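Colleague: Data: structure12.cif, mmCIF, C-alpha atoms and all ligand atoms.
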```
data_work
loop_
_atom_site.label_atom_id
_atom_site.label_comp_id
_atom_site.auth_asym_id
_atom_site.auth_seq_id
_atom_site.Cartn_x
_atom_site.Cartn_y
_atom_site.Cartn_z
CA MET A 214 -25.17 -13.37 16.43
CA HIS A 215 -25.84 -16.92 15.25
CA LEU A 216 -25.67 -18.11 11.66
CA PHE A 217 -28.99 -17.71 9.89
CA PHE A 218 -29.95 -18.07 6.22
CA GLN A 219 -32.92 -17.82 3.98
CA GLY A 220 -33.76 -17.89 0.26
CA LEU A 221 -30.86 -18.27 -2.16
CA PHE A 222 -27.47 -18.74 -0.55
CA THR A 223 -24.22 -20.51 -1.31
CA LYS A 224 -22.61 -23.12 0.92
CA GLN A 225 -19.14 -21.71 0.18
CA ALA A 226 -18.53 -17.97 -0.13
CA HIS A 227 -17.33 -16.79 -3.56
CA LYS A 228 -18.26 -20.06 -5.29
CA ALA A 229 -21.22 -21.33 -7.29
CA ILE A 230 -22.95 -17.94 -7.31
CA PRO A 231 -26.26 -18.62 -9.11
CA ASP A 232 -26.17 -17.69 -12.82
CA GLY A 233 -26.95 -14.06 -13.51
CA CYS A 234 -26.73 -13.15 -9.82
CA TYR A 235 -24.16 -11.25 -7.78
CA GLU A 236 -22.72 -11.98 -4.36
CA GLU A 237 -22.14 -9.11 -1.93
CA GLU A 238 -20.18 -9.58 1.27
CA GLN A 239 -21.08 -7.34 4.22
CA GLY A 240 -18.62 -7.81 7.05
CA LEU A 241 -17.29 -6.20 10.21
CA LYS A 242 -13.65 -6.01 11.41
CA GLY A 243 -12.19 -6.16 7.89
CA PHE A 244 -12.59 -9.75 6.77
CA PHE A 245 -12.46 -11.26 10.27
CA GLY A 246 -15.71 -10.30 12.02
CA PRO A 247 -19.37 -11.21 11.63
CA VAL A 248 -20.18 -11.43 7.93
CA SER A 249 -23.08 -12.17 5.59
CA HIS A 250 -23.13 -12.99 1.89
CA LEU A 251 -26.14 -11.65 0.00
CA ILE A 252 -27.16 -13.04 -3.36
CA LYS A 253 -28.61 -10.19 -5.40
CA ARG A 254 -30.07 -9.76 -8.85
CA GLN A 255 -27.84 -6.78 -9.62
CA PRO A 256 -24.66 -5.39 -8.08
CA SER A 257 -25.19 -2.62 -5.52
CA THR A 258 -22.70 -0.48 -7.45
CA ARG A 259 -25.44 0.31 -10.02
CA TRP A 260 -26.16 3.73 -8.52
CA THR A 261 -27.47 6.31 -11.00
CA LYS A 262 -26.80 9.41 -8.89
CA ILE A 263 -24.91 10.25 -5.70
CA ASP A 264 -25.78 13.41 -3.76
CA GLY A 265 -23.54 14.18 -0.80
CA PRO A 266 -19.93 13.78 0.28
CA LEU A 267 -19.70 9.96 0.48
CA ARG A 268 -18.49 8.56 -2.82
CA PRO A 269 -15.72 6.48 -4.36
CA HIS A 270 -12.70 8.55 -5.37
CA MET A 271 -9.98 8.08 -7.98
CA PHE A 272 -6.91 10.28 -8.04
CA ASP A 273 -3.81 10.66 -10.21
CA PRO A 274 -1.30 11.70 -7.49
CA VAL A 275 1.88 11.03 -9.47
CA LYS A 276 0.83 14.04 -11.60
CA LEU A 277 1.80 16.16 -8.58
CA SER A 278 5.41 15.01 -9.02
CA GLU A 279 5.46 15.70 -12.74
CA LYS A 280 6.14 19.40 -12.17
CA GLY A 281 9.71 18.12 -11.74
CA GLY A 282 12.20 19.07 -9.08
CA GLU A 283 11.70 17.63 -5.63
CA GLY A 284 8.85 17.72 -3.19
CA ALA A 285 6.60 16.07 -0.68
CA GLN A 286 2.83 16.27 -0.64
CA ARG A 287 0.38 14.91 1.90
CA LEU A 288 -2.40 12.97 0.16
CA LEU A 289 -4.62 11.29 2.78
CA TYR A 290 -4.47 11.58 6.55
CA ASN A 291 -6.01 11.06 9.95
CA ALA A 292 -4.64 11.01 13.50
CA ASN A 293 -3.08 7.56 13.02
CA LEU A 294 -1.85 7.58 9.47
CA ASN A 295 -0.44 9.93 6.85
CA ILE A 296 -0.05 8.91 3.24
CA SER A 297 2.21 11.23 1.23
CA LEU A 298 3.92 11.36 -2.13
CA LEU A 299 7.64 12.12 -2.09
CA TRP A 300 9.68 12.78 -5.20
CA LEU A 301 13.46 13.23 -5.29
CA GLN A 302 16.20 13.79 -7.87
CA PRO A 303 19.77 12.48 -7.80
CA LYS A 304 21.58 15.45 -6.24
CA PRO A 305 24.80 15.71 -4.21
CA GLU A 306 22.87 17.55 -1.44
CA HIS A 307 21.27 14.26 -0.41
CA ARG A 308 24.71 13.14 0.79
CA THR A 309 24.83 16.08 3.21
CA ARG A 310 21.51 15.65 5.05
CA GLY A 311 19.72 13.11 7.19
CA PHE A 312 16.11 12.89 8.29
CA ARG A 313 14.55 11.57 11.48
CA ASN A 314 10.83 11.17 11.99
CA GLY A 315 9.84 11.66 15.63
CA ASP A 316 6.15 11.25 14.77
CA GLY A 317 6.23 7.62 13.72
CA ASP A 318 7.55 4.76 11.63
CA VAL A 319 7.70 5.48 7.90
CA LEU A 320 7.16 2.85 5.26
CA TYR A 321 8.36 4.12 1.89
CA PHE A 322 7.14 2.30 -1.20
CA CYS A 323 9.30 3.05 -4.26
CA HIS A 324 6.96 3.58 -7.22
CA GLN A 325 9.74 4.77 -9.54
CA GLY A 326 13.50 5.08 -9.37
CA ALA A 327 16.43 3.51 -7.58
CA GLY A 328 19.08 4.48 -5.08
CA GLU A 329 20.47 4.00 -1.60
CA VAL A 330 19.37 4.69 1.95
CA TRP A 331 22.14 5.62 4.38
CA SER A 332 21.57 5.25 8.10
CA GLU A 333 23.39 4.78 11.42
CA TYR A 334 22.89 1.06 10.80
CA GLY A 335 24.41 0.94 7.31
CA MET A 336 23.28 1.17 3.72
CA LEU A 337 20.15 -0.26 2.12
CA LYS A 338 19.53 -0.32 -1.61
CA TYR A 339 16.17 0.32 -3.20
CA ARG A 340 14.62 0.03 -6.61
CA GLN A 341 11.15 0.24 -8.09
CA GLY A 342 8.74 -2.01 -6.17
CA GLU A 343 10.71 -1.85 -2.91
CA TYR A 344 9.30 -1.23 0.56
CA ILE A 345 11.73 0.56 2.89
CA ASN A 346 10.72 0.34 6.55
CA ILE A 347 12.28 3.04 8.74
CA PRO A 348 11.29 2.69 12.41
CA LYS A 349 10.41 5.87 14.33
CA CYS A 350 13.36 8.19 15.05
CA LEU A 351 15.93 6.21 13.04
CA THR A 352 18.05 8.76 11.17
CA HIS A 353 18.33 8.09 7.46
CA SER A 354 19.18 9.73 4.13
CA LEU A 355 17.41 8.79 0.90
CA ILE A 356 20.02 9.06 -1.86
CA PRO A 357 18.50 8.52 -5.31
CA SER A 358 20.69 7.35 -8.20
CA GLU A 359 17.66 7.83 -10.49
CA PRO A 360 14.70 10.23 -10.12
CA SER A 361 12.57 8.52 -7.48
CA VAL A 362 8.89 8.67 -6.51
CA PHE A 363 7.75 7.16 -3.23
CA LEU A 364 4.47 6.60 -1.47
CA ALA A 365 5.33 7.32 2.18
CA ILE A 366 3.04 5.72 4.76
CA GLU A 367 3.58 7.24 8.19
CA ASN A 368 2.38 5.18 11.16
CA CYS A 369 1.72 7.64 14.02
CA THR A 370 0.18 5.35 16.64
CA SER A 371 2.11 2.07 16.55
CA HIS A 372 5.05 0.29 14.93
CA TYR A 373 4.93 -1.81 11.78
CA GLU A 374 4.78 -5.52 12.44
CA GLU A 375 4.75 -8.56 10.21
CA PRO A 376 1.36 -10.24 9.68
CA GLU A 377 0.40 -13.42 11.51
CA ARG A 378 1.19 -16.35 9.21
CA GLY A 379 -1.17 -18.72 11.07
CA LEU A 380 -1.77 -22.01 9.26
CA VAL A 381 0.77 -21.38 6.52
CA GLY A 382 3.80 -21.02 8.78
CA ARG A 383 6.42 -18.37 9.28
CA HIS A 384 8.14 -18.65 5.88
CA ALA A 385 4.95 -17.94 3.90
CA LEU A 386 4.21 -14.53 2.30
CA TYR A 387 7.86 -13.54 2.65
CA ASP A 388 10.79 -15.23 4.29
CA SER A 389 12.71 -13.14 6.81
CA ALA A 390 15.89 -14.12 4.93
CA ALA A 391 14.60 -12.15 1.93
CA LEU A 392 14.52 -8.84 3.81
CA GLY A 393 17.23 -6.36 2.83
CA ARG A 394 19.43 -5.59 5.88
CA PRO A 395 21.62 -2.51 6.30
CA ASP A 396 25.27 -2.99 5.31
CA LEU A 397 27.63 -0.83 7.40
CA GLU A 398 30.79 -1.78 5.50
CA ALA A 399 29.24 -0.95 2.11
CA GLN A 400 28.07 2.40 3.46
CA ASN A 401 31.48 3.29 4.88
CA ALA A 402 33.07 2.41 1.51
CA ARG A 403 30.52 4.60 -0.32
CA VAL A 404 31.06 7.50 2.09
CA ALA A 405 34.84 7.27 1.54
CA GLU A 406 34.45 7.02 -2.23
CA THR A 407 32.09 10.02 -2.47
CA LYS A 408 33.85 12.00 0.30
CA ALA A 409 30.36 12.61 1.66
CA GLU A 410 29.71 14.42 4.90
CA VAL A 411 26.22 14.27 6.39
CA LYS A 412 26.28 17.22 8.83
CA GLU A 413 22.67 18.39 8.86
CA ILE A 414 19.88 16.33 10.48
CA LEU A 415 16.27 17.39 10.05
CA VAL A 416 13.91 16.07 12.71
CA LYS A 417 10.14 16.04 12.41
CA ARG A 418 8.23 16.10 15.66
CA LEU A 419 4.55 17.12 16.00
CA ASP A 420 4.75 17.98 12.29
CA GLN A 421 7.37 20.68 12.87
CA ILE A 422 10.92 20.47 11.54
CA THR A 423 13.95 21.12 13.75
CA ARG A 424 17.38 21.33 12.17
CA PHE A 425 20.44 19.92 13.97
CA GLU A 426 23.88 20.86 12.67
CA TYR A 427 27.09 18.87 13.30
CA ASP A 428 30.73 19.67 12.61
CA ALA A 429 31.60 16.17 11.38
CA HIS A 430 29.97 13.31 9.44
CA TYR A 431 26.97 12.01 11.43
CA TYR A 432 26.97 8.37 10.32
CA ASP A 433 30.01 7.21 12.32
CA THR A 434 28.73 3.91 13.78
CA LEU A 435 31.53 1.37 14.25
CA GLY A 436 29.19 -1.57 14.72
CA TRP A 437 25.87 -2.53 16.24
CA LYS A 438 23.74 -5.43 17.40
CA GLY A 439 20.01 -5.69 17.97
CA ASP A 440 16.65 -6.34 16.45
CA LEU A 441 15.67 -2.74 15.72
CA TYR A 442 16.96 -1.55 12.36
CA PRO A 443 15.69 -0.30 8.99
CA TYR A 444 15.10 -2.92 6.32
CA THR A 445 13.72 -3.38 2.81
CA LEU A 446 11.32 -5.85 1.24
CA HIS A 447 10.96 -6.03 -2.53
CA THR A 448 7.69 -7.12 -4.14
CA ASP A 449 9.74 -9.77 -6.04
CA ASN A 450 10.28 -11.45 -2.66
CA ILE A 451 6.59 -11.55 -1.67
CA MET A 452 4.96 -14.91 -2.39
CA PRO A 453 1.21 -14.31 -2.76
CA LEU A 454 -1.15 -16.83 -1.20
CA MET A 455 -3.88 -18.21 -3.40
CA SER A 456 -6.41 -20.99 -3.62
CA HIS A 457 -7.22 -22.49 -7.01
CA ARG A 458 -10.70 -23.29 -5.68
CA ALA A 459 -12.02 -20.05 -4.13
CA HIS A 460 -11.12 -16.35 -4.21
CA LEU A 461 -9.21 -15.35 -1.07
CA PRO A 462 -10.04 -12.05 0.66
CA PRO A 463 -7.62 -9.10 0.41
CA SER A 464 -6.42 -9.85 3.95
CA ALA A 465 -4.55 -12.90 2.54
CA HIS A 466 -2.21 -10.35 0.94
CA THR A 467 -1.29 -8.45 4.11
CA THR A 468 2.35 -7.34 4.13
CA PHE A 469 2.59 -5.07 7.21
CA VAL A 470 0.28 -4.57 10.18
CA ALA A 471 -0.16 -1.40 12.25
CA ARG A 472 -2.57 -0.83 15.12
CA ASP A 473 -4.96 1.27 13.05
CA PHE A 474 -4.35 0.07 9.50
CA VAL A 475 -2.82 -2.67 7.38
CA VAL A 476 -0.72 -2.55 4.22
CA CYS A 477 -1.41 -5.28 1.66
CA THR A 478 0.33 -6.04 -1.64
CA PHE A 479 -1.54 -7.45 -4.63
CA LEU A 480 0.79 -9.23 -7.01
CA PRO A 481 0.54 -11.15 -10.29
CA ARG A 482 -0.86 -14.64 -9.69
CA PRO A 483 -2.83 -17.33 -11.51
CA LEU A 484 -6.60 -16.94 -11.33
CA GLU A 485 -8.79 -19.54 -9.65
CA THR A 486 -9.32 -22.58 -11.87
CA ASP A 487 -12.47 -24.15 -10.38
CA LYS A 488 -15.26 -23.57 -12.90
CA ASP A 489 -17.63 -22.21 -10.27
CA ALA A 490 -15.08 -19.96 -8.52
CA LEU A 491 -15.46 -16.18 -8.60
CA LYS A 492 -12.34 -14.82 -10.33
CA VAL A 493 -12.64 -11.12 -9.56
CA PRO A 494 -12.68 -9.38 -6.17
CA PHE A 495 -16.12 -9.93 -4.67
CA TYR A 496 -18.54 -7.04 -4.22
CA HIS A 497 -18.27 -6.03 -0.60
CA GLN A 498 -18.77 -3.50 2.10
CA ASN A 499 -15.80 -3.81 4.41
CA ILE A 500 -17.90 -1.77 6.77
CA ASP A 501 -15.20 -0.83 9.29
CA TYR A 502 -12.40 0.29 6.95
CA ASP A 503 -11.54 3.08 4.50
CA GLU A 504 -9.74 1.42 1.63
CA VAL A 505 -6.92 3.03 -0.36
CA LEU A 506 -5.47 1.29 -3.39
CA PHE A 507 -2.33 2.54 -5.12
CA TYR A 508 -1.89 1.06 -8.58
CA HIS A 509 1.87 0.58 -8.95
CA ALA A 510 2.32 -1.41 -12.18
CA GLY A 511 0.75 -3.86 -14.61
CA ASP A 512 -2.65 -4.35 -16.17
CA PHE A 513 -5.47 -3.42 -13.79
CA PHE A 514 -8.23 -5.49 -15.30
CA SER A 515 -10.71 -5.07 -12.43
CA ARG A 516 -10.93 -1.34 -13.17
CA ASP A 517 -11.48 0.62 -16.34
CA ASN A 518 -9.27 3.44 -17.67
CA LEU A 519 -6.58 3.09 -15.06
CA HIS A 520 -2.88 3.69 -15.38
CA ALA A 521 0.06 3.09 -13.06
CA GLY A 522 0.40 5.70 -10.33
CA MET A 523 -3.33 6.20 -9.78
CA MET A 524 -4.89 5.81 -6.37
CA SER A 525 -8.47 5.07 -5.31
CA LEU A 526 -10.22 5.75 -2.01
CA HIS A 527 -13.32 3.73 -1.17
CA PRO A 528 -14.56 5.08 2.16
CA MET A 529 -16.56 2.85 4.50
CA GLY A 530 -20.30 3.20 4.04
CA PHE A 531 -21.08 1.85 0.60
CA PRO A 532 -20.42 -1.32 -1.40
CA HIS A 533 -17.79 -1.60 -4.11
CA GLY A 534 -16.52 -4.24 -6.46
CA PRO A 535 -15.30 -4.92 -9.97
CA HIS A 536 -16.33 -2.85 -12.95
CA PRO A 537 -18.78 -4.43 -15.44
CA LYS A 538 -16.04 -4.68 -18.10
CA ALA A 539 -13.85 -6.70 -15.73
CA MET A 540 -16.69 -9.12 -15.07
CA LYS A 541 -16.85 -9.78 -18.83
CA SER A 542 -13.12 -9.82 -19.61
CA VAL A 543 -12.20 -12.18 -16.77
CA ALA A 544 -13.70 -15.11 -18.67
CA ASN A 545 -10.67 -15.12 -21.01
CA LYS A 546 -8.04 -14.53 -18.35
CA THR A 547 -5.89 -17.09 -16.57
CA GLU A 548 -3.83 -14.75 -14.42
CA THR A 549 -3.67 -11.27 -12.95
CA ASN A 550 -0.79 -9.03 -13.89
CA GLU A 551 -1.20 -6.17 -11.43
CA VAL A 552 0.97 -4.84 -8.66
CA ALA A 553 -0.95 -2.67 -6.21
CA VAL A 554 -0.48 -1.50 -2.64
CA MET A 555 -3.58 -1.35 -0.45
CA ILE A 556 -3.85 0.60 2.79
CA ASP A 557 -6.95 -0.36 4.78
CA SER A 558 -7.55 2.22 7.50
CA ARG A 559 -9.67 1.48 10.57
CA TRP A 560 -10.57 5.17 10.90
CA PRO A 561 -11.87 7.56 8.21
CA LEU A 562 -9.28 9.35 6.09
CA ASN A 563 -9.29 13.03 5.12
CA ILE A 564 -8.41 14.10 1.60
CA ASP A 565 -5.76 16.81 1.23
CA PRO A 566 -6.87 19.65 -1.12
CA ALA A 567 -3.79 18.97 -3.29
CA LEU A 568 -5.01 15.43 -3.89
CA GLU A 569 -8.48 16.71 -4.71
CA SER A 570 -6.87 18.80 -7.46
CA VAL A 571 -5.90 15.58 -9.30
CA GLU A 572 -9.19 13.77 -8.75
CA LEU A 573 -11.03 12.12 -11.64
CA LYS A 574 -14.43 13.56 -10.79
CA ASP A 575 -16.51 11.11 -12.83
CA TYR A 576 -15.10 7.98 -11.19
CA TRP A 577 -18.36 7.30 -9.33
CA LYS A 578 -20.04 6.72 -12.70
CA SER A 579 -17.54 4.10 -13.81
CA TRP A 580 -19.55 1.08 -12.60
CA ARG A 581 -22.32 1.82 -15.05
CA GLY A 582 -20.55 0.01 -17.91
FE FE B 601 -12.57 -3.36 -0.75
#
```
Could the structure of this file be written out as structure tokens, please?

Modeller:
Amino acid sequence: MHLFFQGLFTKQAHKAIPDGCYEEEQGLKGFFGPVSHLIKRQPSTRWTKIDGPLRPHMFDPVKLSEKGGEGAQRLLYNANLNISLLWLQPKPEHRTRGFRNGDGDVLYFCHQGAGEVWSEYGMLKYRQGEYINIPKCLTHSLIPSEPSVFLAIENCTSHYEEPERGLVGRHALYDSAALGRPDLEAQNARVAETKAEVKEILVKRLDQITRFEYDAHYYDTLGWKGDLYPYTLHTDNIMPLMSHRAHLPPSAHTTFVARDFVVCTFLPRPLETDKDALKVPFYHQNIDYDEVLFYHAGDFFSRDNLHAGMMSLHPMGFPHGPHPKAMKSVANKTETNEVAVMIDSRWPLNIDPALESVELKDYWKSWRG
């Protein structure tokens, strides 16, 4: 369709929104398709009642791990994507077992803890705020040195790729030199020091586990070459893009791309400094995507009553945007201080009953100020 406009409109999205009005973006294909910006008297999040299954959700999934011990719990899922919580303790058993996922690549995000990942390619280290990317079928062992909580994002229909850097060039967002590569020598030294023997390999395929047993240590690689291997990326090594003049869409913060979803990382950054620039996320309907936001750390000023470890789900089909309190408090702010992971899914996500059990049921009311 061709560009058309009438009544009040702005010549630059997210800037010079008329006083006392609100801008709402309605767009297809995430932030890349046909889009319109509506100037409205009041935000569309001012609903007084919602009847029916479509609503914004807020969950406290890390509560599921607070029972202690170890475990894994599916949170959100569809045919392309599974988002789970995984919690592990430092235990010698982790140095006896490996895991291989035949259903897809797994991107672990370390919410809490620290430790090592052993693999046939060598050892990776992780700490809080680290992404660990394990391509499909690569055998690995997560070996916590501290109690660890991960968000595990399983990609069932493609492989994780880096985002297009376009105009800003291939060293923007994160430099490939900043990725953590597996270290075979360090792993062999650690195996010798701990006298570890990984002899049991658990393989997941079509969501069923098969157990392979070996009579000698499995990780016996003498060397390797190639461009397929597990790696890490720490949020400290992600350089967020920003414009001091106009708010950039969430897609500017894309970290990994899959066929049916993207993973974005929101990091602390200065706020826009132009007087007429919108400084909070704009109200929008990203019509084609279900949006999951995991609040990892910091001060989440665009939402009320939030703490680290919470997770929201804003399904496609209704507008969302900042809470009224954030609109007021942003006037005194010069920077954001939040670290959050967003998973934008092209296809609707189902909610696991276990996640529903830690839902904050009144979240839909929270835009009423
Ligand atoms: Fe959104």

Colleague: Using all atoms listed in the file, determine which residues fall within 12 Å of ligand FE 601 (chain B), then list them as a VMD selection string.

Modeller: chain A and resid 237 to 240 243 to 244 269 462 to 464 477 493 to 506 515 525 to 535 555 to 558

Colleague: Using all atoms listed in the file, can you tell me which of A:Leu355, A:Cys323, A:Met214, A:Ile230 comes closest to Leu337 of chain A?

Modeller: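 Answer, going by the shortest atom-to-atom distance: A:Leu355.
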
Colleague: Check the smallest atom-to-atom distance from each of A:Met524, A:Ala365, A:Leu241, A:Leu351 to Gly335 of chain A using only C-alpha atoms, then report the winner.

Modeller: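 Going through A:Met524, A:Ala365, A:Leu241, A:Leu351 one by one, the smallest distance to Gly335 of chain A is for A:Leu351.
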
Colleague: Could you check which of A:Gln286, A:Thr370, A:Gln302, A:Gln219 is closest to Phe474 of chain A, using all atoms listed in the file?

Modeller: A:Thr370

Colleague: What is the atom CA of Arg458 of chain A to atom CA of Thr549 of chain A distance in Å?

Modeller: 15.7 Å
